>>> print(open('entry.txt').read())   # compact mmCIF, C-alpha atoms and all ligand atoms
# COMPACT_ATOMS: atom_id res chain seq x y z
CA MET A 35 4.71 1.98 14.25
CA LYS A 36 7.47 1.85 11.67
CA ILE A 37 7.75 3.75 8.41
CA ILE A 38 9.73 2.21 5.55
CA THR A 39 11.11 4.59 2.94
CA HIS A 40 14.24 5.62 1.02
CA GLN A 41 15.77 8.86 -0.27
CA ASP A 42 15.79 7.41 -3.80
CA PHE A 43 11.98 7.52 -3.87
CA LEU A 44 12.15 11.32 -3.80
CA ARG A 45 13.82 11.39 -7.21
CA PRO A 46 11.45 11.43 -10.21
CA TYR A 47 12.12 8.25 -12.23
CA THR A 48 9.76 8.81 -15.14
CA ARG A 49 7.13 11.29 -16.32
CA ASP A 50 3.84 10.31 -14.72
CA PRO A 51 1.81 11.70 -11.81
CA ALA A 52 3.04 9.04 -9.37
CA ALA A 53 6.66 9.95 -10.17
CA ALA A 54 6.08 13.71 -9.96
CA PRO A 55 8.63 15.84 -8.09
CA GLY A 56 7.52 16.97 -4.63
CA ARG A 57 5.00 14.17 -4.13
CA LEU A 58 6.58 12.23 -1.27
CA GLU A 59 8.19 15.11 0.64
CA PRO A 60 4.93 16.32 2.24
CA ILE A 61 4.12 12.76 3.33
CA LEU A 62 7.46 12.37 5.10
CA GLU A 63 7.20 15.84 6.65
CA GLU A 64 3.78 15.06 8.09
CA LEU A 65 4.78 11.62 9.40
CA LYS A 66 7.88 13.05 11.11
CA LYS A 67 5.58 15.16 13.30
CA ASP A 68 4.32 12.00 14.97
CA GLY A 69 7.76 10.63 15.87
CA TYR A 70 7.62 7.27 14.11
CA GLU A 71 10.75 5.23 13.54
CA PHE A 72 11.94 5.43 9.92
CA ILE A 73 13.63 2.42 8.34
CA GLU A 74 15.54 2.52 5.06
CA ALA A 75 14.11 0.32 2.33
CA LEU A 76 16.28 -2.41 0.79
CA PRO A 77 15.73 -3.65 -2.76
CA ALA A 78 13.82 -6.88 -3.32
CA GLY A 79 15.78 -9.72 -4.88
CA TRP A 80 15.05 -10.90 -8.42
CA ASP A 81 13.66 -14.17 -7.02
CA ASP A 82 11.20 -12.28 -4.81
CA ILE A 83 9.95 -10.25 -7.78
CA ALA A 84 9.68 -13.42 -9.86
CA LYS A 85 7.20 -14.81 -7.32
CA ALA A 86 4.68 -12.37 -8.82
CA HIS A 87 5.97 -11.59 -12.33
CA THR A 88 7.13 -13.38 -15.46
CA LYS A 89 10.73 -13.16 -16.57
CA ASP A 90 9.53 -11.34 -19.71
CA HIS A 91 7.86 -8.65 -17.62
CA ILE A 92 10.88 -8.18 -15.37
CA ASP A 93 13.07 -7.91 -18.50
CA ARG A 94 10.76 -5.24 -19.98
CA VAL A 95 10.91 -3.15 -16.80
CA THR A 96 14.70 -3.54 -16.84
CA ARG A 97 14.93 -2.39 -20.49
CA HIS A 98 12.97 0.75 -19.58
CA GLY A 99 15.58 1.55 -16.92
CA LEU A 100 13.04 1.13 -14.12
CA TYR A 101 14.29 -2.06 -12.47
CA ALA A 102 16.27 -0.47 -9.63
CA ILE A 103 13.57 1.90 -8.36
CA SER A 104 10.82 -0.70 -8.83
CA ALA A 105 12.82 -3.36 -6.97
CA LEU A 106 13.44 -0.87 -4.16
CA ALA A 107 9.69 -0.22 -3.85
CA ALA A 108 8.97 -3.95 -3.81
CA GLY A 109 11.67 -4.46 -1.19
CA GLY A 110 10.13 -1.75 0.99
CA ALA A 111 6.81 -3.56 0.77
CA ILE A 112 8.44 -6.85 1.82
CA GLN A 113 10.02 -5.14 4.85
CA ALA A 114 6.69 -3.56 5.78
CA ALA A 115 5.01 -6.96 5.49
CA GLU A 116 7.57 -8.67 7.72
CA ILE A 117 7.58 -5.98 10.40
CA GLY A 118 3.81 -5.68 10.03
CA LEU A 119 3.43 -9.13 11.57
CA THR A 120 4.69 -7.61 14.84
CA GLU A 121 3.46 -4.01 14.65
CA PRO A 122 1.58 -1.84 12.13
CA THR A 123 3.91 -0.61 9.38
CA PHE A 124 3.54 1.78 6.46
CA ALA A 125 5.73 1.85 3.36
CA VAL A 126 6.17 5.27 1.73
CA ILE A 127 7.30 3.94 -1.64
CA ARG A 128 6.93 4.51 -5.36
CA PRO A 129 6.34 3.46 -8.13
CA PRO A 130 2.97 2.18 -6.94
CA GLY A 131 2.06 -1.41 -7.78
CA HIS A 132 -1.59 -2.42 -7.85
CA HIS A 133 -1.96 -2.10 -11.65
CA ALA A 134 0.97 -4.45 -12.26
CA SER A 135 -0.15 -7.91 -13.38
CA SER A 136 2.02 -10.98 -13.73
CA ASP A 137 3.04 -10.26 -17.33
CA SER A 138 2.08 -6.60 -17.91
CA SER A 139 1.57 -3.30 -16.14
CA TRP A 140 -0.01 0.13 -16.65
CA GLY A 141 -1.29 3.03 -14.55
CA PHE A 142 2.13 4.24 -13.31
CA CYS A 143 2.89 0.74 -11.90
CA PHE A 144 5.70 -1.69 -12.82
CA PHE A 145 6.06 -4.36 -10.10
CA ASN A 146 3.15 -5.26 -7.84
CA ASN A 147 4.58 -4.34 -4.45
CA ILE A 148 1.77 -5.74 -2.31
CA ALA A 149 1.51 -9.00 -4.26
CA ILE A 150 5.27 -9.53 -4.00
CA ALA A 151 5.12 -8.86 -0.24
CA ILE A 152 2.18 -11.21 0.34
CA GLU A 153 3.77 -13.99 -1.70
CA PHE A 154 6.96 -13.49 0.32
CA LEU A 155 5.07 -13.96 3.60
CA LYS A 156 3.20 -16.97 2.29
CA GLN A 157 6.10 -18.78 0.65
CA SER A 158 8.34 -18.24 3.67
CA GLY A 159 5.69 -19.83 5.88
CA ARG A 160 4.98 -16.73 7.97
CA ILE A 161 1.27 -16.64 7.09
CA GLN A 162 -1.41 -19.03 5.93
CA THR A 163 -4.05 -16.49 4.86
CA ALA A 164 -4.21 -12.82 3.91
CA HIS A 165 -6.78 -10.12 3.29
CA ILE A 166 -5.99 -7.20 0.99
CA LEU A 167 -7.94 -3.98 1.31
CA ASP A 168 -7.35 -1.72 -1.70
CA PHE A 169 -8.90 1.69 -1.03
CA ASP A 170 -7.20 3.47 -3.92
CA LEU A 171 -9.68 5.23 -6.22
CA HIS A 172 -8.87 2.73 -8.96
CA TYR A 173 -9.56 -1.01 -9.05
CA GLY A 174 -6.40 -2.98 -8.28
CA ASP A 175 -6.55 -5.19 -11.36
CA GLY A 176 -2.92 -6.28 -11.13
CA THR A 177 -3.29 -7.56 -7.57
CA VAL A 178 -6.38 -9.54 -8.58
CA ASN A 179 -4.50 -10.89 -11.62
CA ILE A 180 -1.61 -12.17 -9.49
CA LEU A 181 -3.31 -13.25 -6.27
CA GLY A 182 -7.02 -13.55 -7.10
CA SER A 183 -6.94 -17.26 -7.87
CA LYS A 184 -4.42 -18.25 -5.19
CA GLY A 185 -7.05 -19.35 -2.70
CA TYR A 186 -5.31 -18.05 0.43
CA VAL A 187 -6.01 -14.36 -0.24
CA THR A 188 -9.23 -12.34 -0.17
CA ILE A 189 -9.10 -9.00 -2.01
CA HIS A 190 -11.50 -6.14 -1.44
CA ASN A 191 -11.83 -3.05 -3.63
CA PRO A 192 -14.58 -1.21 -1.76
CA GLU A 193 -17.35 0.64 -3.55
CA GLY A 194 -19.97 3.15 -2.54
CA SER A 195 -21.41 6.33 -3.98
CA THR A 196 -21.33 8.05 -0.59
CA ARG A 197 -18.64 8.23 2.10
CA GLU A 198 -20.90 6.39 4.50
CA MET A 199 -21.50 3.52 2.09
CA TYR A 200 -17.82 3.33 1.24
CA LEU A 201 -16.75 3.07 4.89
CA LYS A 202 -19.54 0.59 5.62
CA SER A 203 -18.34 -1.60 2.75
CA ILE A 204 -14.84 -1.69 4.24
CA ARG A 205 -16.12 -2.46 7.71
CA SER A 206 -18.43 -5.29 6.69
CA GLN A 207 -15.71 -6.94 4.62
CA LEU A 208 -13.08 -6.62 7.37
CA TRP A 209 -15.40 -8.23 9.88
CA ASN A 210 -16.25 -11.00 7.44
CA VAL A 211 -12.70 -12.39 7.11
CA THR A 212 -10.23 -13.95 9.56
CA PRO A 213 -6.79 -13.57 7.92
CA ASP A 214 -3.32 -13.84 9.45
CA VAL A 215 -2.43 -10.48 7.94
CA ILE A 216 -4.43 -7.48 6.71
CA ALA A 217 -2.49 -5.84 3.88
CA VAL A 218 -3.51 -2.46 2.54
CA SER A 219 -3.07 -0.88 -0.88
CA ALA A 220 -3.34 2.66 0.41
CA GLY A 221 -4.14 5.10 -2.38
CA PHE A 222 -5.37 8.56 -1.48
CA ASP A 223 -6.72 9.65 -4.88
CA ASN A 224 -10.33 9.30 -3.72
CA HIS A 225 -10.03 12.34 -1.44
CA VAL A 226 -12.46 15.25 -1.85
CA GLN A 227 -9.56 17.36 -3.18
CA ASP A 228 -8.08 14.64 -5.38
CA TRP A 229 -9.30 12.85 -8.54
CA GLY A 230 -12.11 10.81 -6.92
CA GLY A 231 -13.66 13.52 -4.77
CA LEU A 232 -15.29 11.23 -2.19
CA LEU A 233 -13.42 10.79 1.11
CA THR A 234 -12.37 13.28 3.77
CA THR A 235 -9.08 13.30 5.65
CA GLU A 236 -10.92 12.06 8.74
CA ASP A 237 -12.31 9.14 6.70
CA TYR A 238 -8.75 7.97 6.07
CA TYR A 239 -8.22 8.05 9.83
CA GLU A 240 -11.39 5.99 10.30
CA ILE A 241 -10.27 3.43 7.71
CA GLY A 242 -6.91 3.09 9.48
CA LYS A 243 -8.65 2.71 12.84
CA MET A 244 -10.97 0.00 11.51
CA ILE A 245 -7.98 -1.98 10.24
CA PHE A 246 -6.14 -1.50 13.56
CA THR A 247 -9.17 -2.62 15.55
CA ARG A 248 -9.87 -5.68 13.41
CA ALA A 249 -6.22 -6.75 13.28
CA LYS A 250 -5.97 -6.46 17.07
CA GLU A 251 -9.16 -8.49 17.51
CA LEU A 252 -7.78 -11.26 15.28
CA GLY A 253 -4.19 -11.11 16.51
CA ALA A 254 -3.35 -10.48 12.85
CA GLY A 255 -0.48 -8.49 11.40
CA THR A 256 -1.10 -5.38 9.35
CA PHE A 257 0.86 -3.29 6.90
CA ALA A 258 0.10 -0.75 4.20
CA VAL A 259 1.88 0.41 1.07
CA LEU A 260 1.39 3.69 -0.76
CA GLU A 261 -0.42 3.48 -4.10
CA GLY A 262 -2.02 6.62 -5.66
CA GLY A 263 -2.69 10.12 -4.37
CA TYR A 264 -1.89 13.10 -6.58
CA ASN A 265 -2.84 16.36 -4.88
CA HIS A 266 0.41 17.23 -3.12
CA ASP A 267 -1.40 19.80 -0.96
CA VAL A 268 -3.42 17.15 0.88
CA LEU A 269 -1.56 13.86 0.33
CA GLY A 270 0.69 14.39 3.37
CA ILE A 271 -2.10 14.99 5.87
CA ASN A 272 -4.20 12.19 4.42
CA VAL A 273 -1.38 9.69 4.89
CA ARG A 274 -0.72 11.05 8.37
CA ALA A 275 -4.39 10.66 9.33
CA PHE A 276 -4.52 7.10 7.99
CA VAL A 277 -1.31 6.10 9.76
CA GLN A 278 -2.58 7.53 13.06
CA GLY A 279 -5.61 5.28 12.73
CA LEU A 280 -3.55 2.28 11.64
CA CYS A 281 -1.46 2.39 14.81
CA GLY A 282 -4.40 3.14 17.11
CA ARG A 283 -3.58 6.74 17.95
CA ASP A 284 -6.07 9.55 18.40
CA PHE A 285 -6.81 11.70 15.35
CA ASN A 286 -4.67 14.82 15.70
CA LEU A 287 -3.24 16.80 12.80
CA ARG A 288 -1.74 19.65 14.82
ZN ZN B 301 -5.41 5.30 -8.19
>>> encode(input="entry.txt", output="structure tokens")
Amino acid sequence: MKIITHQDFLRPYTRDPAAAPGRLEPILEELKKDGYEFIEALPAGWDDIAKAHTKDHIDRVTRHGLYAISALAAGGAIQAAEIGLTEPTFAVIRPPGHHASSDSSWGFCFFNNIAIAIEFLKQSGRIQTAHILDFDLHYGDGTVNILGSKGYVTIHNPEGSTREMYLKSIRSQLWNVTPDVIAVSAGFDNHVQDWGGLLTTEDYYEIGKMIFTRAKELGAGTFAVLEGGYNHDVLGINVRAFVQGLCGRDFNLR
């Protein structure tokens, strides 16, 4: 299991909840307890970003002074995607990306990290097909905008008014597809102590474990990138629980 991140992500880059000070530190602290290997993120190239976004959009992000940090997040996602073909990988990055469409963005997102990473894998011939699971509280409209009509990608934003239904929705979809890679938009804002109020910390472990199990069964790669998650008191343990599942470990938060 590898963790992709960078010191620059710790610095607030704008005034929104995803950029808030102190948001990523607890995640990194929790993940360090499990002894994963940390790899420093490298920025994505302009050409990689342009696989998912118009020149106009990239120029707008640049004018707002957000190109460097957004390109670094996208680059971290690309690294996670590449390494994820060999072993499960998680990218602790921000800004998040799933509300970034080809020519616009909102919801604390600027470049669509997961879409850029998936297009990188596809266009470099490393994969033929992909499945994206987006378990953030919010619908990943940007990812659907960029990849929804591509034909080689299935995208699932699970629904369910109870925890049980939500987990069941993920399971049935995972076992209904046969992709070369399972990519995950991992947002933790649907936790019982976050905005959505639905899932427990152990549920995030279960989701990770389902992805691990299915990927292993298929011989598929798997990687995840951080999206939302805003309660700093629980974000770290939620990510840790998910990552333990994603790499097939036992659930253990001690
Ligand atoms: Zn969200």
>>> closest_residue(input="entry.txt", among="A:Gly253, A:Gly221, A:Gly99, A:Pro51", to="Glu121 of chain A", atoms="only C-alpha atoms")
A:Gly253
>>> closest_atom_pairs(input="entry.txt", of="chain A", to="ligand ZN 301 (chain B)", cutoff="12 Å", atoms="only C-alpha atoms and all ligand atoms", output="Markdown table")
| residue | atom | partner | partner_atom | distance |
| --- | --- | --- | --- | --- |
| A:Pro51 | CA | B:ZN301 | ZN | 10.3 |
| A:Ala52 | CA | B:ZN301 | ZN | 9.3 |
| A:Pro129 | CA | B:ZN301 | ZN | 11.9 |
| A:Pro130 | CA | B:ZN301 | ZN | 9.0 |
| A:Gly131 | CA | B:ZN301 | ZN | 10.0 |
| A:His132 | CA | B:ZN301 | ZN | 8.6 |
| A:His133 | CA | B:ZN301 | ZN | 8.9 |
| A:Trp140 | CA | B:ZN301 | ZN | 11.3 |
| A:Gly141 | CA | B:ZN301 | ZN | 7.9 |
| A:Phe142 | CA | B:ZN301 | ZN | 9.2 |
| A:Cys143 | CA | B:ZN301 | ZN | 10.2 |
| A:Asp168 | CA | B:ZN301 | ZN | 9.8 |
| A:Phe169 | CA | B:ZN301 | ZN | 8.7 |
| A:Asp170 | CA | B:ZN301 | ZN | 5.0 |
| A:Leu171 | CA | B:ZN301 | ZN | 4.7 |
| A:His172 | CA | B:ZN301 | ZN | 4.4 |
| A:Tyr173 | CA | B:ZN301 | ZN | 7.6 |
| A:Gly174 | CA | B:ZN301 | ZN | 8.3 |
| A:Asp175 | CA | B:ZN301 | ZN | 11.0 |
| A:Asn191 | CA | B:ZN301 | ZN | 11.5 |
| A:Ser219 | CA | B:ZN301 | ZN | 9.9 |
| A:Ala220 | CA | B:ZN301 | ZN | 9.2 |
| A:Gly221 | CA | B:ZN301 | ZN | 6.0 |
| A:Phe222 | CA | B:ZN301 | ZN | 7.5 |
| A:Asp223 | CA | B:ZN301 | ZN | 5.6 |
| A:Asn224 | CA | B:ZN301 | ZN | 7.8 |
| A:His225 | CA | B:ZN301 | ZN | 10.8 |
| A:Asp228 | CA | B:ZN301 | ZN | 10.1 |
| A:Trp229 | CA | B:ZN301 | ZN | 8.5 |
| A:Gly230 | CA | B:ZN301 | ZN | 8.8 |
| A:Leu260 | CA | B:ZN301 | ZN | 10.2 |
| A:Glu261 | CA | B:ZN301 | ZN | 6.7 |
| A:Gly262 | CA | B:ZN301 | ZN | 4.4 |
| A:Gly263 | CA | B:ZN301 | ZN | 6.7 |
| A:Tyr264 | CA | B:ZN301 | ZN | 8.7 |
| A:Asn265 | CA | B:ZN301 | ZN | 11.8 |
>>> write_last_selection(input="entry.txt", atoms="C-alpha atoms", output="PDB file, keeping the file's coordinate frame")
ATOM      1  CA  PRO A  51       1.810  11.700 -11.810  1.00  0.00           C
ATOM      2  CA  ALA A  52       3.040   9.040  -9.370  1.00  0.00           C
ATOM      3  CA  PRO A 129       6.340   3.460  -8.130  1.00  0.00           C
ATOM      4  CA  PRO A 130       2.970   2.180  -6.940  1.00  0.00           C
ATOM      5  CA  GLY A 131       2.060  -1.410  -7.780  1.00  0.00           C
ATOM      6  CA  HIS A 132      -1.590  -2.420  -7.850  1.00  0.00           C
ATOM      7  CA  HIS A 133      -1.960  -2.100 -11.650  1.00  0.00           C
ATOM      8  CA  TRP A 140      -0.010   0.130 -16.650  1.00  0.00           C
ATOM      9  CA  GLY A 141      -1.290   3.030 -14.550  1.00  0.00           C
ATOM     10  CA  PHE A 142       2.130   4.240 -13.310  1.00  0.00           C
ATOM     11  CA  CYS A 143       2.890   0.740 -11.900  1.00  0.00           C
ATOM     12  CA  ASP A 168      -7.350  -1.720  -1.700  1.00  0.00           C
ATOM     13  CA  PHE A 169      -8.900   1.690  -1.030  1.00  0.00           C
ATOM     14  CA  ASP A 170      -7.200   3.470  -3.920  1.00  0.00           C
ATOM     15  CA  LEU A 171      -9.680   5.230  -6.220  1.00  0.00           C
ATOM     16  CA  HIS A 172      -8.870   2.730  -8.960  1.00  0.00           C
ATOM     17  CA  TYR A 173      -9.560  -1.010  -9.050  1.00  0.00           C
ATOM     18  CA  GLY A 174      -6.400  -2.980  -8.280  1.00  0.00           C
ATOM     19  CA  ASP A 175      -6.550  -5.190 -11.360  1.00  0.00           C
ATOM     20  CA  ASN A 191     -11.830  -3.050  -3.630  1.00  0.00           C
ATOM     21  CA  SER A 219      -3.070  -0.880  -0.880  1.00  0.00           C
ATOM     22  CA  ALA A 220      -3.340   2.660   0.410  1.00  0.00           C
ATOM     23  CA  GLY A 221      -4.140   5.100  -2.380  1.00  0.00           C
ATOM     24  CA  PHE A 222      -5.370   8.560  -1.480  1.00  0.00           C
ATOM     25  CA  ASP A 223      -6.720   9.650  -4.880  1.00  0.00           C
ATOM     26  CA  ASN A 224     -10.330   9.300  -3.720  1.00  0.00           C
ATOM     27  CA  HIS A 225     -10.030  12.340  -1.440  1.00  0.00           C
ATOM     28  CA  ASP A 228      -8.080  14.640  -5.380  1.00  0.00           C
ATOM     29  CA  TRP A 229      -9.300  12.850  -8.540  1.00  0.00           C
ATOM     30  CA  GLY A 230     -12.110  10.810  -6.920  1.00  0.00           C
ATOM     31  CA  LEU A 260       1.390   3.690  -0.760  1.00  0.00           C
ATOM     32  CA  GLU A 261      -0.420   3.480  -4.100  1.00  0.00           C
ATOM     33  CA  GLY A 262      -2.020   6.620  -5.660  1.00  0.00           C
ATOM     34  CA  GLY A 263      -2.690  10.120  -4.370  1.00  0.00           C
ATOM     35  CA  TYR A 264      -1.890  13.100  -6.580  1.00  0.00           C
ATOM     36  CA  ASN A 265      -2.840  16.360  -4.880  1.00  0.00           C
TER      37      ASN A 265
END
>>> closest_residue(input="entry.txt", among="A:Glu63, A:Ala111, A:Leu167, A:Ala217", to="Asn147 of chain A", atoms="all atoms listed in the file")
A:Ala111
>>> atom_distance(input="entry.txt", atom1="atom CA of Ser183 of chain A", atom2="atom CA of Ala86 of chain A")
12.6 Å
>>> residues_around(input="entry.txt", residues="Phe124 of chain A", least_positions_apart="5", cutoff="12 Å", atoms="all atoms listed in the file", output="ChimeraX atom specification")
/A:35-39,61-62,65,70-73,75,110-118,148,217-220,242,256-261,273-274,276-281
>>> atom_distance(input="entry.txt", atom1="atom CA of Asp237 of chain A", atom2="atom CA of Leu58 of chain A")
20.7 Å
>>> atom_distance(input="entry.txt", atom1="atom CA of Ile127 of chain A", atom2="atom CA of Pro77 of chain A")
11.4 Å
>>> closest_residue(input="entry.txt", among="A:Ile150, A:Ile216, A:Leu155, A:Ala78", to="Thr188 of chain A", atoms="only C-alpha atoms")
A:Ile216
>>> residues_around(input="entry.txt", residues="Ile83 of chain A", least_positions_apart="5", cutoff="9 Å", atoms="only C-alpha atoms", output="VMD selection string")
chain A and resid 78 88 92 105 108 to 109 145 to 147 150
